[in-house]
There are 6 protein chains.
Amino acid sequence: MHIRLINPNTSAAMTASIGAAAQRIAAPTTRLTAVNPADGPESIESHFDDAIAAVGVCEEILRGERDGVDAYIIACFGDPGLNAARELTRAPVIGIAQAAFHMASLVSTRFSVVTTLRRTVILAEHLLSQYGCATLCASVRATDIPVLELEHNPSACAAQLIDQAQHARDHDGAGAIVLGCGGMASFAADMQAALGIPVIDGVSAAVKLAEAAVGLGLHTSKHGDLATPLPKSFTGRFAHFSRSA
Amino acid sequence: MHIRLINPNTSAAMTASIGAAAQRIAAPTTRLTAVNPADGPESIESHFDDAIAAVGVCEEILRGERDGVDAYIIACFGDPGLNAARELTRAPVIGIAQAAFHMASLVSTRFSVVTTLRRTVILAEHLLSQYGCATLCASVRATDIPVLELEHNPSACAAQLIDQAQHARDHDGAGAIVLGCGGMASFAADMQAALGIPVIDGVSAAVKLAEAAVGLGLHTSKHGDLATPLPKSFTGRFAHFSRSA
Amino acid sequence: MHIRLINPNTSAAMTASIGAAAQRIAAPTTRLTAVNPADGPESIESHFDDAIAAVGVCEEILRGERDGVDAYIIACFGDPGLNAARELTRAPVIGIAQAAFHMASLVSTRFSVVTTLRRTVILAEHLLSQYGCATLCASVRATDIPVLELEHNPSACAAQLIDQAQHARDHDGAGAIVLGCGGMASFAADMQAALGIPVIDGVSAAVKLAEAAVGLGLHTSKHGDLATPLPKSFTGRFAHFSRSA
Amino acid sequence: MHIRLINPNTSAAMTASIGAAAQRIAAPTTRLTAVNPADGPESIESHFDDAIAAVGVCEEILRGERDGVDAYIIACFGDPGLNAARELTRAPVIGIAQAAFHMASLVSTRFSVVTTLRRTVILAEHLLSQYGCATLCASVRATDIPVLELEHNPSACAAQLIDQAQHARDHDGAGAIVLGCGGMASFAADMQAALGIPVIDGVSAAVKLAEAAVGLGLHTSKHGDLATPLPKSFTGRFAHFSRSA
Amino acid sequence: MHIRLINPNTSAAMTASIGAAAQRIAAPTTRLTAVNPADGPESIESHFDDAIAAVGVCEEILRGERDGVDAYIIACFGDPGLNAARELTRAPVIGIAQAAFHMASLVSTRFSVVTTLRRTVILAEHLLSQYGCATLCASVRATDIPVLELEHNPSACAAQLIDQAQHARDHDGAGAIVLGCGGMASFAADMQAALGIPVIDGVSAAVKLAEAAVGLGLHTSKHGDLATPLPKSFTGRFAHFSRSA
Amino acid sequence: MHIRLINPNTSAAMTASIGAAAQRIAAPTTRLTAVNPADGPESIESHFDDAIAAVGVCEEILRGERDGVDAYIIACFGDPGLNAARELTRAPVIGIAQAAFHMASLVSTRFSVVTTLRRTVILAEHLLSQYGCATLCASVRATDIPVLELEHNPSACAAQLIDQAQHARDHDGAGAIVLGCGGMASFAADMQAALGIPVIDGVSAAVKLAEAAVGLGLHTSKHGDLATPLPKSFTGRFAHFSRSA
């Protein structure tokens, strides 16, 4: 099975590290390819970054269709362009936020999200609400770490993440922790050891859910809002998206 | 006051007709300019169309900032890129769906949405939930009219819209009707006459809410998730979005 | 356009100051008349005060109908008698709480309400829930200032309001503040300057929404629960409400 | 124990019949007195009727306090003035809608409400939401019977009520029926026999809940929003409500 | 009337004390019999304890049917086996959690639950959600007292319960307190005196609601999910549950 | 990896057929063992059956712990005893209803459940609400097929299931179908072919989610409500559950 991991930002270093983490967790029979768009933001920390990154995600889905990909992972916690991407393929498309919420709800009754900038808390709340997980989430806690700091200053970041996660465990009633950024994958193991409760990295969770969906022979529903978009004309820099009926 | 109406699709004909409708309802002291992106889909009927159109909306906001615009209207019922647009300006940004829901809730206890393709029903449901209006909405009814049909075959479209709206009024408990497409503005008056209940066109509603927000001296909050995005590097076709700290 | 502002309490001084604030924000072409019932409580701080004040609101609506009023504002944050008032007229009727919630949601993703007595917090929560705004409200904070104190000791009140609002901004995730009392209008500008985020006064918001609704040619729906009440007999001190079929 | 049943409308005939029904269900040791306000509407079928009736309810609570009443029942399905009434006494105050919802939820997992005019459906929905019962209610069905018809044409009304209730049982998934009007008490027994599922009359339910609350020594909380209103001045026809600190 | 109180745990001492408390509050005409299963846990503090205890509850319902019981009370705050029990009888079955929530909502607008072990907080949250009371509950507070401590060290327990309840009253906005354990009945009076707000013991509340339901002639609905289970074969230690069609 | 599938009913034939279906979908490296309790109901179609079956599920978990099982599946759509089972092991425990809801939400925006007896609809609704999936479910449709009919009369059952699923797809807005019974696994493929949308069998979904959870090294949280139950004494037929501190 061929899983295509799409890092929606353009940081090749992050793509490499996320891809490596994904490869480690993937089944031996899974071929995992990690890519990022040529066009877009180097990190995603706002509604605007998210909106621009969604285009790159769609481009990569269309490229993946030519490569015969079996399932896709959108490896940014905002799940940018998730439903748009699902319209473009019959293959399952898994966002890492949705994946992490699902796995957390299988091993705990309440989980908390530990994320980066405070401004992204509302993005997480919107996803929890859209995915129907709001009542399962005890809290969304922000460290105010910029995403790129995760690479540049990992030990300081780990300490802040553990601090927030402990507060969620001891005061918010969380039985598990969801890491709120694709760039936090490398912290999961140490955090789980330090906290003594499950710590879920969305990238790993998405790999296993993608393998599960393909293993079940499931395809993205082509009935209703996820059906293939009607062919139409696009202009300018998006003219390549045009399709005639 | 200068209000910039952004038609997120690239149909110049629709931009002109929406702009004209907006100008008619605007106050004499309001300068209304209607634009559409150079780049994007000719109509918006899917998550994918919506995602691509969001980029054009952001481009037009940035252009508007150079023009000293006082308030923006996003004239597509999916409110594509609304929160992203709000991050890019201190001026109020009004989506026509949100505007229509608000005005409907001031003149009725329950309203229904009459929209185009059935596949867009879930987009409307997502907006209702995100804006907190879900409990106020009696039903979302689709006519399965493609957006462009509204221009090509208006009389047949009007009949189908009235038919759905009557059902909402008589069986779903709706006291008012929200038109679920920016291209339906021209139908509102006849429908209201035929139905005997308020019929709200989001474009007109957004013009008046934009005038209201500017009149109140309100600006988009720059605290929290709508603050100006952190400056960062964008690559490729989006490199012009790069800003250095 | 003739907008009738109804201060539901019987404090003529408050009526005058609210009316003046409303006049300042109104369009030049708007004729604004401010009234209060002859019969009722001098201030509204309880379910009971609210219930009695609702009668005076209805009386003023009926009087306004004889005066050919185009839109009404109920200038108490509890929106006393709002739906009852709407039944009595085709003109739009705007409550200042609903108006403030709507405008706040156009310029922020989450807002907080800063109100007077703690006992009124639940009244605000009921309105948020009824209007479908509960998920948009980050917190409702009380200062325990009696309403009439706002006039007698403004500087001390302002300090307490700013204190609560800062906590909402810095700890509750509020991007905007809604003032939870019609008598707080005069504090809005200074608070917005002190806090750096939008501060919405419901009276000003209601004036602009009333102008918007009239400008759109919208009337209160007469289909369903807001239809004109069936004519019937009233007795005793309410006999003047009797109407025969 | 002295229970005061307040029929919020001014129909002495309905007060007598409701009072008789209440007396029949009351415990032998319960003294039940049924009253109605001197001032108000002859029936309650709109937000406006409800608002005016709330004043009469409050008047009767204050009169009841002088009579040493142990618990109050508000015998109109809209529960007019319920929270206002609770502020005026330490005695429990039971609304028949809330009472009926509670008893229905003890004998079924889902119940439906069968009410009179369609315009009152939204009043029932507002109560269900405020009382937290919305998810337990399978449907609210209207017969479009005016309240006073229940007395004038009982057999025709019974047939329509049974018809709606059967639909709720067979198609909406209701395991019990709540009668949506204080004037329907006399229909409950026959309907239950015809339908084979519990049919709950709010008046009877409220009598038993009032006896239960008094038997438990419970008083209405005087902490928070139900505390005694602050003493203040009322003017005009409501001057008798004035109290000085 | 014969009310059967079922203590779902096997602590005969607790059964005796709960039964005595229930007898004290019951009407003179009520015959109250208190039992506990022969088989099950000595206390209920987990999902597992709750699941095992549910079997004993069902056994006692079947025994009660042979004794001609008129109503049942399940005297453990988790309401173990409530819906299963309701399927086995036409008599009303009252859980003490549901009973306490109902009575609390009649005398306050918001209540808080004070319970034992922190791990039981989520059980209370699940019940609040299933019964539709979630929005009425200001907070669920745990003392981390093991259930059996309530008997062994009552004065220390009382102090901790009052401490949590005071916090709920002063900071969470609770107007009433619900005791979150059947073993706390004896604390209610002193706590109410100390706190000055209603303190509801579910056992007492259930006795009065059971008397109310029987007095109203209500039976558990036998239409839908609470209908008598289809006869079928059970094996092994549960073979005595087998019934043939 | 060793996955233990627990069929909560005592039908060995169903255990064999479910186990075979599970084995077919399992990874080659997965050892799958299917068991059912010795004690309990032959099928699960009521709250009562569900309550009794939960005990057998717990027994099988304890037996599985001695066998070194890596993950458990509860193969009945009511997920009987799910949280109780999770308390008894660190291994992940997957209910087939929760598994099916999760997989359906990865390939559609709205799904419908097609289940057996109408009386089980509310059980499904309770699970959807507890798992936070209520807003994702377009409808729950019942065929009124008794569970055991699925084996005795498969072709007639398949026709009824497809009929309900078509209605969900064409009228309720469902993009995917969840099969509401563990005994329907064998119908999934044909139904998916007939309907053209994803049809999810919970047993297969649970196998893949169990493999995913184990692959991720996740364990059931032992912090909070899922922690190992406190050791205590059990009596009578449940004495073997006793553990001393």
# chains A, B, ... in the order shown; residues from 1 in each chain; ligands from 1
$ select_by_dssp --residues "segment 26-230 of chain D" --states "strand (DSSP E)" --output "number ranges by chain"
D: 31-35, 40-41, 71-74, 93-95, 111-115, 137-142, 176-179, 199-201
$ write_last_selection --atoms "C-alpha atoms" --output "CSV table (one decimal), in the first residue's frame"
chain,number,residue,atom,x,y,z
D,31,ARG,CA,-55.0,22.1,51.1
D,32,LEU,CA,-55.2,23.2,47.5
D,33,THR,CA,-56.5,26.7,46.6
D,34,ALA,CA,-56.9,27.7,43.0
D,35,VAL,CA,-56.8,31.4,42.0
D,40,GLY,CA,-54.7,39.8,32.4
D,41,PRO,CA,-55.7,37.9,29.3
D,71,ALA,CA,-45.8,25.9,47.4
D,72,TYR,CA,-47.1,27.4,44.2
D,73,ILE,CA,-48.1,26.0,40.8
D,74,ILE,CA,-48.1,28.1,37.7
D,93,VAL,CA,-42.7,27.3,42.5
D,94,ILE,CA,-43.5,24.7,40.0
D,95,GLY,CA,-44.4,25.4,36.4
D,111,PHE,CA,-41.4,12.0,25.0
D,112,SER,CA,-43.4,14.2,22.7
D,113,VAL,CA,-45.4,17.3,23.5
D,114,VAL,CA,-48.9,17.7,22.0
D,115,THR,CA,-49.9,21.3,22.1
D,137,CYS,CA,-38.1,15.4,23.4
D,138,ALA,CA,-38.9,13.5,20.3
D,139,SER,CA,-41.2,16.1,18.8
D,140,VAL,CA,-43.5,19.0,19.6
D,141,ARG,CA,-46.8,18.6,17.7
D,142,ALA,CA,-49.5,21.2,17.3
D,176,ALA,CA,-44.8,9.1,26.5
D,177,ILE,CA,-46.9,12.1,25.7
D,178,VAL,CA,-46.9,15.5,27.5
D,179,LEU,CA,-50.1,17.5,27.2
D,199,VAL,CA,-49.9,10.7,29.0
D,200,ILE,CA,-48.8,13.4,31.4
D,201,ASP,CA,-50.9,16.3,32.4
$ select_by_dssp --residues "segment 11-210 of chain F" --states "alpha helix (DSSP H)" --output "PyMOL selection string"
chain F and resi 12-25+47-66+82-87+96-107+121-130+149-152+154-171+188-195+202-210
$ write_last_selection --atoms "C-alpha atoms" --output "compact mmCIF listing (two decimals), in the first residue's frame"
# COMPACT_ATOMS: atom_id res chain seq x y z
CA ALA F 12 -21.42 -19.90 19.40
CA ALA F 13 -22.53 -19.85 15.76
CA MET F 14 -22.42 -16.07 15.71
CA THR F 15 -19.07 -16.08 17.49
CA ALA F 16 -17.71 -18.38 14.81
CA SER F 17 -19.03 -16.33 11.92
CA ILE F 18 -17.93 -13.00 13.44
CA GLY F 19 -14.56 -14.49 14.29
CA ALA F 20 -14.12 -15.73 10.74
CA ALA F 21 -14.99 -12.31 9.34
CA ALA F 22 -12.53 -10.73 11.74
CA GLN F 23 -9.79 -13.20 10.80
CA ARG F 24 -10.28 -12.45 7.11
CA ILE F 25 -9.70 -8.74 7.64
CA HIS F 47 -31.01 -2.56 27.88
CA PHE F 48 -31.45 -5.67 30.04
CA ASP F 49 -29.69 -8.03 27.63
CA ASP F 50 -26.94 -5.41 27.37
CA ALA F 51 -26.55 -5.16 31.17
CA ILE F 52 -26.28 -8.92 31.66
CA ALA F 53 -23.90 -9.30 28.72
CA ALA F 54 -21.57 -6.69 30.23
CA VAL F 55 -20.69 -9.14 33.00
CA GLY F 56 -19.63 -11.77 30.51
CA VAL F 57 -17.53 -9.20 28.70
CA CYS F 58 -15.70 -8.39 31.93
CA GLU F 59 -15.15 -12.09 32.63
CA GLU F 60 -13.60 -12.50 29.20
CA ILE F 61 -11.33 -9.49 29.71
CA LEU F 62 -10.00 -11.01 32.93
CA ARG F 63 -9.47 -14.31 31.15
CA GLY F 64 -7.75 -12.46 28.33
CA GLU F 65 -5.38 -10.81 30.75
CA ARG F 66 -4.17 -14.24 31.77
CA LEU F 82 -16.97 -1.01 27.23
CA ASN F 83 -15.79 1.37 29.96
CA ALA F 84 -15.93 -1.37 32.61
CA ALA F 85 -13.77 -3.54 30.39
CA ARG F 86 -11.30 -0.70 29.87
CA GLU F 87 -10.82 -0.43 33.63
CA ILE F 96 -17.63 -2.07 17.30
CA ALA F 97 -20.09 0.83 17.41
CA GLN F 98 -17.43 3.35 18.32
CA ALA F 99 -15.09 1.80 15.72
CA ALA F 100 -17.70 2.01 12.99
CA PHE F 101 -18.58 5.64 13.83
CA HIS F 102 -14.90 6.59 13.69
CA MET F 103 -14.20 4.94 10.34
CA ALA F 104 -17.40 6.33 8.84
CA SER F 105 -16.39 9.85 9.85
CA LEU F 106 -13.07 9.45 8.01
CA VAL F 107 -14.72 8.78 4.65
CA VAL F 121 -32.48 3.02 18.06
CA ILE F 122 -32.22 4.82 21.39
CA LEU F 123 -29.26 2.65 22.41
CA ALA F 124 -27.50 3.81 19.23
CA GLU F 125 -28.46 7.42 19.95
CA HIS F 126 -27.03 7.15 23.47
CA LEU F 127 -23.74 5.82 22.09
CA LEU F 128 -23.56 8.53 19.41
CA SER F 129 -24.05 11.14 22.10
CA GLN F 130 -21.57 9.62 24.54
CA GLU F 149 -33.17 -13.53 11.85
CA LEU F 150 -29.94 -12.27 10.27
CA GLU F 151 -28.65 -15.84 10.31
CA HIS F 152 -31.89 -17.64 9.53
CA PRO F 154 -30.18 -13.52 5.27
CA SER F 155 -31.55 -12.64 1.84
CA ALA F 156 -34.75 -11.10 3.18
CA CYS F 157 -32.70 -9.19 5.75
CA ALA F 158 -30.29 -7.90 3.13
CA ALA F 159 -33.15 -6.52 1.09
CA GLN F 160 -34.58 -4.65 4.07
CA LEU F 161 -31.17 -3.28 5.05
CA ILE F 162 -30.52 -2.00 1.53
CA ASP F 163 -33.96 -0.42 1.45
CA GLN F 164 -33.31 1.53 4.66
CA ALA F 165 -29.78 2.44 3.57
CA GLN F 166 -31.03 3.79 0.24
CA HIS F 167 -33.49 6.02 2.08
CA ALA F 168 -30.67 7.28 4.30
CA ARG F 169 -28.50 8.01 1.25
CA ASP F 170 -31.18 9.68 -0.86
CA HIS F 171 -33.26 11.52 1.79
CA ALA F 188 -21.37 -5.21 4.04
CA ALA F 189 -19.78 -6.06 0.70
CA ASP F 190 -23.03 -6.65 -1.18
CA MET F 191 -24.61 -3.58 0.34
CA GLN F 192 -21.66 -1.39 -0.63
CA ALA F 193 -21.90 -2.71 -4.18
CA ALA F 194 -25.64 -2.07 -4.29
CA LEU F 195 -25.49 1.42 -2.74
CA GLY F 202 -18.04 -2.43 12.99
CA VAL F 203 -16.29 -5.76 13.50
CA SER F 204 -13.90 -5.20 10.60
CA ALA F 205 -13.42 -1.58 11.64
CA ALA F 206 -12.63 -2.65 15.20
CA VAL F 207 -10.02 -5.17 14.05
CA LYS F 208 -8.17 -2.50 12.12
CA LEU F 209 -8.47 0.06 14.93
CA ALA F 210 -7.21 -2.50 17.43
$ closest_residue --among "B:Ile44, B:Leu88, B:Ala174, B:Ala134" --to "chain F" --atoms "only C-alpha atoms"
B:Ala134
$ interface_residues --of "chain B" --to "chain C" --cutoff "6 Å" --atoms "only C-alpha atoms" --output "list in words"
Val107, Ser108, Gly132, Cys133, Gly175, Ile197, Lys208, Ala212, Thr220, Ser221, His223 and Gly224 of chain B
